[in-house]
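Engineer: Dropping in work-v9.pdb, with PDB, C-alpha atoms.
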ATOM      1  CA  MET A  16      55.559  -3.747 -51.983
ATOM      2  CA  ARG A  17      58.135  -3.616 -54.792
ATOM      3  CA  ALA A  18      55.362  -4.118 -57.347
ATOM      4  CA  LEU A  19      53.439  -1.213 -55.792
ATOM      5  CA  LYS A  20      56.496   1.062 -55.900
ATOM      6  CA  ALA A  21      57.227   0.077 -59.500
ATOM      7  CA  SER A  22      53.624   0.789 -60.436
ATOM      8  CA  SER A  23      53.767   4.229 -58.783
ATOM      9  CA  VAL A  24      56.999   5.126 -60.585
ATOM     10  CA  LEU A  25      55.555   3.964 -63.910
ATOM     11  CA  TRP A  26      52.413   6.049 -63.375
ATOM     12  CA  LEU A  27      54.509   9.125 -62.569
ATOM     13  CA  LEU A  28      56.646   8.679 -65.682
ATOM     14  CA  MET A  29      53.549   8.279 -67.857
ATOM     15  CA  ALA A  30      52.036  11.437 -66.364
ATOM     16  CA  LEU A  31      55.198  13.414 -67.057
ATOM     17  CA  VAL A  32      55.455  12.143 -70.630
ATOM     18  CA  GLY A  33      51.758  12.817 -71.194
ATOM     19  CA  GLY A  34      52.091  16.384 -69.899
ATOM     20  CA  ARG A  35      55.064  17.061 -72.165
ATOM     21  CA  ALA A  36      53.223  15.584 -75.145
ATOM     22  CA  SER A  37      50.234  17.843 -74.494
ATOM     23  CA  ALA A  38      52.478  20.912 -74.315
ATOM     24  CA  ALA A  39      54.301  19.860 -77.474
ATOM     25  CA  SER A  40      51.144  19.323 -79.509
ATOM     26  CA  GLY A  41      49.557  22.620 -78.492
ATOM     27  CA  VAL A  42      46.414  21.047 -77.022
ATOM     28  CA  PRO A  43      44.964  22.543 -73.812
ATOM     29  CA  ILE A  44      47.077  21.812 -70.745
ATOM     30  CA  ARG A  45      46.995  22.472 -67.031
ATOM     31  CA  ALA A  46      49.003  25.559 -66.087
ATOM     32  CA  VAL A  47      49.283  28.045 -63.226
ATOM     33  CA  TRP A  48      49.172  31.829 -62.931
ATOM     34  CA  LYS A  49      52.750  32.757 -61.984
ATOM     35  CA  GLU A  50      53.447  36.129 -60.406
ATOM     36  CA  HIS A  51      56.332  38.231 -61.731
ATOM     37  CA  ARG A  52      57.835  41.511 -60.530
ATOM     38  CA  VAL A  53      60.360  43.483 -62.545
ATOM     39  CA  GLU A  54      61.724  47.012 -62.903
ATOM     40  CA  PHE A  55      61.839  47.790 -66.619
ATOM     41  CA  THR A  56      64.214  50.561 -67.670
ATOM     42  CA  TYR A  57      64.017  52.051 -71.149
ATOM     43  CA  LEU A  58      67.521  52.905 -72.383
ATOM     44  CA  GLY A  59      66.750  53.805 -76.002
ATOM     45  CA  ARG A  60      67.947  57.016 -77.642
ATOM     46  CA  THR A  61      65.970  57.180 -80.873
ATOM     47  CA  SER A  62      62.493  57.648 -79.372
ATOM     48  CA  SER A  63      61.542  59.408 -76.142
ATOM     49  CA  TYR A  64      58.481  58.449 -74.113
ATOM     50  CA  SER A  65      56.638  60.057 -71.267
ATOM     51  CA  CYS A  66      55.960  57.687 -68.382
ATOM     52  CA  ASP A  67      52.293  57.388 -69.279
ATOM     53  CA  GLY A  68      53.185  56.831 -72.947
ATOM     54  CA  LEU A  69      55.681  54.102 -72.071
ATOM     55  CA  ILE A  70      53.163  52.479 -69.717
ATOM     56  CA  ASP A  71      50.583  52.349 -72.521
ATOM     57  CA  LYS A  72      53.060  50.746 -74.937
ATOM     58  CA  VAL A  73      54.319  48.135 -72.466
ATOM     59  CA  ARG A  74      50.785  47.332 -71.295
ATOM     60  CA  ALA A  75      49.672  46.733 -74.901
ATOM     61  CA  ILE A  76      52.582  44.358 -75.574
ATOM     62  CA  MET A  77      52.024  42.435 -72.349
ATOM     63  CA  THR A  78      48.305  42.095 -73.012
ATOM     64  CA  THR A  79      49.122  40.709 -76.463
ATOM     65  CA  LEU A  80      51.339  38.104 -74.782
ATOM     66  CA  GLY A  81      48.538  36.963 -72.475
ATOM     67  CA  ALA A  82      49.347  38.682 -69.178
ATOM     68  CA  ARG A  83      46.336  38.801 -66.861
ATOM     69  CA  ALA A  84      44.320  41.966 -67.387
ATOM     70  CA  ARG A  85      44.865  43.172 -63.814
ATOM     71  CA  LEU A  86      48.568  43.853 -64.341
ATOM     72  CA  HIS A  87      50.087  46.734 -62.367
ATOM     73  CA  ILE A  88      52.509  49.187 -63.998
ATOM     74  CA  ALA A  89      53.785  52.344 -62.288
ATOM     75  CA  GLY A  90      56.434  54.891 -63.272
ATOM     76  CA  ILE A  91      59.513  55.456 -61.087
ATOM     77  CA  GLY A  92      61.177  58.884 -60.912
ATOM     78  CA  CYS A  93      59.151  60.214 -63.812
ATOM     79  CA  PRO A  94      59.338  63.811 -65.075
ATOM     80  CA  ASP A  95      56.234  65.969 -65.277
ATOM     81  CA  TYR A  96      53.116  64.097 -66.344
ATOM     82  CA  GLY A  97      52.871  63.703 -70.114
ATOM     83  CA  ARG A  98      56.407  64.938 -70.814
ATOM     84  CA  PRO A  99      59.217  62.691 -72.070
ATOM     85  CA  ALA A 100      62.478  62.357 -70.199
ATOM     86  CA  GLY A 101      65.309  64.672 -71.203
ATOM     87  CA  PRO A 102      67.880  63.650 -73.860
ATOM     88  CA  ASN A 103      70.574  62.907 -71.271
ATOM     89  CA  SER A 104      68.375  61.051 -68.794
ATOM     90  CA  ILE A 105      68.165  57.294 -68.322
ATOM     91  CA  GLY A 106      64.652  56.025 -68.267
ATOM     92  CA  PRO A 107      61.867  56.224 -67.637
ATOM     93  CA  THR A 108      61.743  53.157 -65.396
ATOM     94  CA  LEU A 109      58.583  51.158 -64.769
ATOM     95  CA  SER A 110      57.726  48.958 -61.810
ATOM     96  CA  ILE A 111      55.738  46.020 -63.199
ATOM     97  CA  ARG A 112      53.785  43.341 -61.349
ATOM     98  CA  PHE A 113      51.883  40.834 -63.427
ATOM     99  CA  PHE A 114      50.609  37.266 -63.682
ATOM    100  CA  ALA A 115      51.180  35.058 -66.724
ATOM    101  CA  PRO A 116      50.460  31.364 -67.370
ATOM    102  CA  ALA A 117      53.366  29.002 -66.662
ATOM    103  CA  LEU A 118      53.927  25.259 -66.615
ATOM    104  CA  PRO A 119      53.543  23.820 -63.095
ATOM    105  CA  ASP A 120      56.650  23.160 -61.021
ATOM    106  CA  PRO A 121      56.011  21.098 -57.842
ATOM    107  CA  ALA A 122      59.104  22.638 -56.229
ATOM    108  CA  GLN A 123      57.705  26.184 -56.398
ATOM    109  CA  LYS A 124      55.758  27.721 -53.526
ATOM    110  CA  PRO A 125      53.291  30.630 -53.922
ATOM    111  CA  HIS A 126      54.689  34.060 -52.990
ATOM    112  CA  GLY A 127      51.325  35.689 -52.409
ATOM    113  CA  ARG A 128      47.617  35.651 -53.082
ATOM    114  CA  GLY A 129      46.782  34.295 -56.538
ATOM    115  CA  ASP A 130      50.304  33.084 -57.242
ATOM    116  CA  LEU A 131      50.338  29.569 -58.768
ATOM    117  CA  ALA A 132      46.531  29.440 -58.999
ATOM    118  CA  PRO A 133      45.481  26.800 -61.573
ATOM    119  CA  VAL A 134      44.448  27.839 -65.076
ATOM    120  CA  ASP A 135      43.712  26.040 -68.339
ATOM    121  CA  ALA A 136      46.020  27.235 -71.108
ATOM    122  CA  ARG A 137      47.482  26.442 -74.497
ATOM    123  CA  PHE A 138      50.412  27.632 -76.610
ATOM    124  CA  ALA A 139      49.313  30.215 -79.168
ATOM    125  CA  PRO A 140      51.280  32.123 -81.835
ATOM    126  CA  PHE A 141      52.265  35.742 -81.248
ATOM    127  CA  LYS A 142      54.245  38.404 -83.064
ATOM    128  CA  ILE A 143      55.626  41.820 -82.171
ATOM    129  CA  VAL A 144      56.265  43.741 -85.395
ATOM    130  CA  PRO A 145      55.703  47.301 -86.646
ATOM    131  CA  ASP A 146      51.929  47.582 -86.850
ATOM    132  CA  ALA A 147      50.131  50.910 -87.240
ATOM    133  CA  PHE A 148      46.860  49.335 -86.106
ATOM    134  CA  ARG A 149      48.453  48.512 -82.743
ATOM    135  CA  ASP A 150      50.339  51.825 -82.594
ATOM    136  CA  MET A 151      53.715  50.119 -83.036
ATOM    137  CA  SER A 152      56.212  51.705 -85.433
ATOM    138  CA  VAL A 153      59.872  51.341 -86.412
ATOM    139  CA  GLY A 154      60.524  54.092 -83.856
ATOM    140  CA  ASP A 155      59.664  51.590 -81.121
ATOM    141  CA  CYS A 156      62.602  49.369 -82.096
ATOM    142  CA  GLU A 157      64.709  50.058 -78.992
ATOM    143  CA  LEU A 158      61.668  49.665 -76.756
ATOM    144  CA  VAL A 159      60.971  46.220 -78.243
ATOM    145  CA  GLU A 160      64.664  45.317 -77.887
ATOM    146  CA  GLU A 161      64.676  46.258 -74.180
ATOM    147  CA  PHE A 162      61.351  44.492 -73.599
ATOM    148  CA  ALA A 163      62.637  41.315 -75.267
ATOM    149  CA  ASP A 164      65.665  41.345 -72.948
ATOM    150  CA  GLN A 165      64.036  42.358 -69.656
ATOM    151  CA  VAL A 166      60.402  41.178 -69.653
ATOM    152  CA  LEU A 167      59.776  38.611 -72.385
ATOM    153  CA  PRO A 168      61.869  35.879 -70.648
ATOM    154  CA  MET A 169      59.296  35.867 -67.822
ATOM    155  CA  PHE A 170      56.620  34.573 -70.185
ATOM    156  CA  THR A 171      56.477  30.883 -71.085
ATOM    157  CA  THR A 172      57.391  30.767 -74.784
ATOM    158  CA  ARG A 173      58.662  28.303 -77.360
ATOM    159  CA  ALA A 174      59.966  28.437 -80.944
ATOM    160  CA  LEU A 175      61.046  32.004 -80.193
ATOM    161  CA  GLN A 176      62.577  34.002 -83.061
ATOM    162  CA  LYS A 177      64.055  37.458 -82.452
ATOM    163  CA  GLU A 178      65.266  39.572 -85.344
ATOM    164  CA  ILE A 179      65.966  43.055 -84.003
ATOM    165  CA  THR A 180      68.186  45.671 -85.616
ATOM    166  CA  CYS A 181      68.039  49.108 -84.006
ATOM    167  CA  VAL A 182      70.155  52.002 -85.298
ATOM    168  CA  PRO A 183      70.502  54.671 -82.568
ATOM    169  CA  TYR A 184      69.241  58.179 -83.355
ATOM    170  CA  GLN A 185      67.724  57.215 -86.708
ATOM    171  CA  LEU A 186      64.849  55.189 -88.118
ATOM    172  CA  SER A 187      66.535  54.202 -91.368
ATOM    173  CA  GLY A 188      67.900  50.678 -91.124
ATOM    174  CA  SER A 189      65.955  49.824 -87.954
ATOM    175  CA  ASP A 190      63.471  46.960 -87.875
ATOM    176  CA  TYR A 191      62.230  44.299 -85.482
ATOM    177  CA  SER A 192      60.342  41.032 -85.492
ATOM    178  CA  VAL A 193      59.747  38.916 -82.397
ATOM    179  CA  ARG A 194      57.698  35.767 -83.066
ATOM    180  CA  GLY A 195      56.924  32.433 -81.517
ATOM    181  CA  GLU A 196      54.338  30.781 -79.325
ATOM    182  CA  VAL A 197      53.349  31.872 -75.829
ATOM    183  CA  LEU A 198      51.366  30.039 -73.170
ATOM    184  CA  ARG A 199      48.000  31.810 -72.917
ATOM    185  CA  ALA A 200      45.026  31.212 -70.625
ATOM    186  CA  LEU A 201      41.954  29.761 -72.309
ATOM    187  CA  PRO A 202      38.679  31.689 -72.249
ATOM    188  CA  PRO A 203      36.416  30.310 -69.485
ATOM    189  CA  ASN A 204      34.005  28.690 -71.966
ATOM    190  CA  ASP A 205      36.830  26.856 -73.758
ATOM    191  CA  ALA A 206      38.337  25.764 -70.449
ATOM    192  CA  ARG A 207      35.050  24.256 -69.269
ATOM    193  CA  GLY A 208      34.647  22.421 -72.561
ATOM    194  CA  THR A 209      38.079  20.868 -72.531
ATOM    195  CA  SER A 210      37.838  19.876 -68.884
ATOM    196  CA  ALA A 211      34.478  18.224 -69.467
ATOM    197  CA  ALA A 212      35.895  16.336 -72.440
ATOM    198  CA  GLY A 213      38.728  15.033 -70.290
ATOM    199  CA  SER A 214      41.527  16.299 -72.560
ATOM    200  CA  MET A 215      43.293  18.209 -69.767
ATOM    201  CA  ARG A 216      44.796  15.157 -68.090
TER     202      ARG A 216
END
Starting from the file, give its structure as structure tokens.

Structural biologist:
Amino acid sequence: MRALKASSVLWLLMALVGGRASAASGVPIRAVWKEHRVEFTYLGRTSSYSCDGLIDKVRAIMTTLGARARLHIAGIGCPDYGRPAGPNSIGPTLSIRFFAPALPDPAQKPHGRGDLAPVDARFAPFKIVPDAFRDMSVGDCELVEEFADQVLPMFTTRALQKEITCVPYQLSGSDYSVRGEVLRALPPNDARGTSAAGSMR
């Protein structure tokens, strides 16, 4: 009986070490879709956004980070459609519900349908920097700063580097760079290939 218990403990330790090694090396690993809910409030002063404009920006960033495509974003207490909030207002505020890959935690229980569903994933590099092609400019500095504080921690990241300097009410001297690796779901074809090869243990 003792030999059986010792064998079970050894197997568990090897599984844990193997899982950590897979995550560390960046090879495909078993993950889960974790549900997140957050109210994101934009507090910047340099740039003003309408609710629909802010939704588009936040959606683009979250998609870049690997959030599931069916993410839900809705404005709260927004002014007239297409118009930015006034200079003395706080907001707009967005209600966000999304799923993103996370490392499994046996202690967690699903909160709803689809929460903690299995997914094959790997760590992949990402960057959030001024990029005209992605409609991101220096004027979005405070938006990126608020996003990095309020939403980014919900994603599974590593080697994260944040260099953000935002000067209120002016673009001169403002800049941002958020880089690292984020856990992203594999495309279905890649997931089938890795599972068949047995590298997802």

Engineer: List, as number ranges by chain, every residue that the PyMOL selection byres ((chain A and resi 62-77) around 10) selects in the file provided.

Structural biologist: A: 55, 57-61, 78-84, 86-102, 106-111, 113, 115, 142-143, 149-151, 153-159, 162, 166-167, 170, 183-186

Engineer: Just to confirm, what's the straight-line distance from CA of Trp48 (chain A) to CA of Asp146 (chain A) in Å (one decimal)?

Structural biologist: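 Taking CA of Trp48 (chain A) as the start and CA of Asp146 (chain A) as the end point, the length is 28.8 Å.
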
Engineer: Using Å and a single decimal, report how far CA of Glu196 (chain A) sits from CA of His126 (chain A).

Structural biologist: 26.5 Å

Engineer: On this file, the PyMOL selection byres ((chain A and resi 50) around 9) gives some set of residues; write that set as JSON, numbers by chain.

Structural biologist: {"A": [48, 49, 51, 52, 112, 113, 114, 115, 116, 125, 126, 127, 129, 130, 131]}

Engineer: Which residues would end up in the selection if the PyMOL selection byres ((chain A and resi 191) around 7) were applied here, given that I need the answer as a compact mmCIF listing (two decimals) with C-alpha atoms, in the coordinates of the input?

Structural biologist:
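Result file is selection_15.txt:
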# COMPACT_ATOMS: atom_id res chain seq x y z
CA VAL A 144 56.26 43.74 -85.40
CA CYS A 156 62.60 49.37 -82.10
CA GLU A 178 65.27 39.57 -85.34
CA ILE A 179 65.97 43.06 -84.00
CA THR A 180 68.19 45.67 -85.62
CA ASP A 190 63.47 46.96 -87.88
CA SER A 192 60.34 41.03 -85.49
CA VAL A 193 59.75 38.92 -82.40

Engineer: Distance CA of Ile44 (chain A)-CA of Gln165 (chain A), one decimal place?

Structural biologist: 26.7 Å

Engineer: Could you rebuild region 176-193 of chain A with N, CA and C atoms and give me the result as a PDB file, keeping the file's coordinate frame?

Structural biologist:
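And here's result.pdb as it stands now:
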ATOM      1  N   GLN A 176      61.696  33.444 -82.041  1.00  0.00           N
ATOM      2  CA  GLN A 176      62.577  34.002 -83.061  1.00  0.00           C
ATOM      3  C   GLN A 176      62.652  35.515 -82.862  1.00  0.00           C
ATOM      4  N   LYS A 177      63.864  36.014 -82.641  1.00  0.00           N
ATOM      5  CA  LYS A 177      64.055  37.458 -82.452  1.00  0.00           C
ATOM      6  C   LYS A 177      64.987  37.992 -83.530  1.00  0.00           C
ATOM      7  N   GLU A 178      64.465  38.886 -84.335  1.00  0.00           N
ATOM      8  CA  GLU A 178      65.266  39.572 -85.344  1.00  0.00           C
ATOM      9  C   GLU A 178      65.096  41.070 -85.101  1.00  0.00           C
ATOM     10  N   ILE A 179      66.062  41.654 -84.416  1.00  0.00           N
ATOM     11  CA  ILE A 179      65.966  43.055 -84.003  1.00  0.00           C
ATOM     12  C   ILE A 179      67.233  43.793 -84.413  1.00  0.00           C
ATOM     13  N   THR A 180      67.068  44.809 -85.208  1.00  0.00           N
ATOM     14  CA  THR A 180      68.186  45.671 -85.616  1.00  0.00           C
ATOM     15  C   THR A 180      67.782  47.113 -85.373  1.00  0.00           C
ATOM     16  N   CYS A 181      68.370  47.731 -84.359  1.00  0.00           N
ATOM     17  CA  CYS A 181      68.039  49.108 -84.006  1.00  0.00           C
ATOM     18  C   CYS A 181      69.258  50.000 -84.244  1.00  0.00           C
ATOM     19  N   VAL A 182      69.085  51.044 -85.026  1.00  0.00           N
ATOM     20  CA  VAL A 182      70.155  52.002 -85.298  1.00  0.00           C
ATOM     21  C   VAL A 182      69.893  53.244 -84.451  1.00  0.00           C
ATOM     22  N   PRO A 183      70.751  53.534 -83.456  1.00  0.00           N
ATOM     23  CA  PRO A 183      70.502  54.671 -82.568  1.00  0.00           C
ATOM     24  C   PRO A 183      70.387  55.995 -83.314  1.00  0.00           C
ATOM     25  N   TYR A 184      69.448  56.812 -82.879  1.00  0.00           N
ATOM     26  CA  TYR A 184      69.241  58.179 -83.355  1.00  0.00           C
ATOM     27  C   TYR A 184      68.715  58.271 -84.784  1.00  0.00           C
ATOM     28  N   GLN A 185      68.314  57.147 -85.375  1.00  0.00           N
ATOM     29  CA  GLN A 185      67.724  57.215 -86.708  1.00  0.00           C
ATOM     30  C   GLN A 185      66.800  56.020 -86.938  1.00  0.00           C
ATOM     31  N   LEU A 186      65.807  56.243 -87.812  1.00  0.00           N
ATOM     32  CA  LEU A 186      64.849  55.189 -88.118  1.00  0.00           C
ATOM     33  C   LEU A 186      65.306  54.338 -89.291  1.00  0.00           C
ATOM     34  N   SER A 187      66.065  54.930 -90.197  1.00  0.00           N
ATOM     35  CA  SER A 187      66.535  54.202 -91.368  1.00  0.00           C
ATOM     36  C   SER A 187      67.430  53.039 -90.950  1.00  0.00           C
ATOM     37  N   GLY A 188      67.109  51.861 -91.432  1.00  0.00           N
ATOM     38  CA  GLY A 188      67.900  50.678 -91.124  1.00  0.00           C
ATOM     39  C   GLY A 188      67.432  49.926 -89.896  1.00  0.00           C
ATOM     40  N   SER A 189      66.477  50.492 -89.149  1.00  0.00           N
ATOM     41  CA  SER A 189      65.955  49.824 -87.954  1.00  0.00           C
ATOM     42  C   SER A 189      64.744  48.967 -88.309  1.00  0.00           C
ATOM     43  N   ASP A 190      64.630  47.837 -87.673  1.00  0.00           N
ATOM     44  CA  ASP A 190      63.471  46.960 -87.875  1.00  0.00           C
ATOM     45  C   ASP A 190      63.477  45.915 -86.772  1.00  0.00           C
ATOM     46  N   TYR A 191      62.313  45.331 -86.515  1.00  0.00           N
ATOM     47  CA  TYR A 191      62.230  44.299 -85.482  1.00  0.00           C
ATOM     48  C   TYR A 191      61.111  43.316 -85.798  1.00  0.00           C
ATOM     49  N   SER A 192      61.335  42.094 -85.371  1.00  0.00           N
ATOM     50  CA  SER A 192      60.342  41.032 -85.492  1.00  0.00           C
ATOM     51  C   SER A 192      60.612  40.022 -84.380  1.00  0.00           C
ATOM     52  N   VAL A 193      59.663  39.893 -83.475  1.00  0.00           N
ATOM     53  CA  VAL A 193      59.747  38.916 -82.397  1.00  0.00           C
ATOM     54  C   VAL A 193      58.534  38.003 -82.545  1.00  0.00           C
TER      55      VAL A 193
END
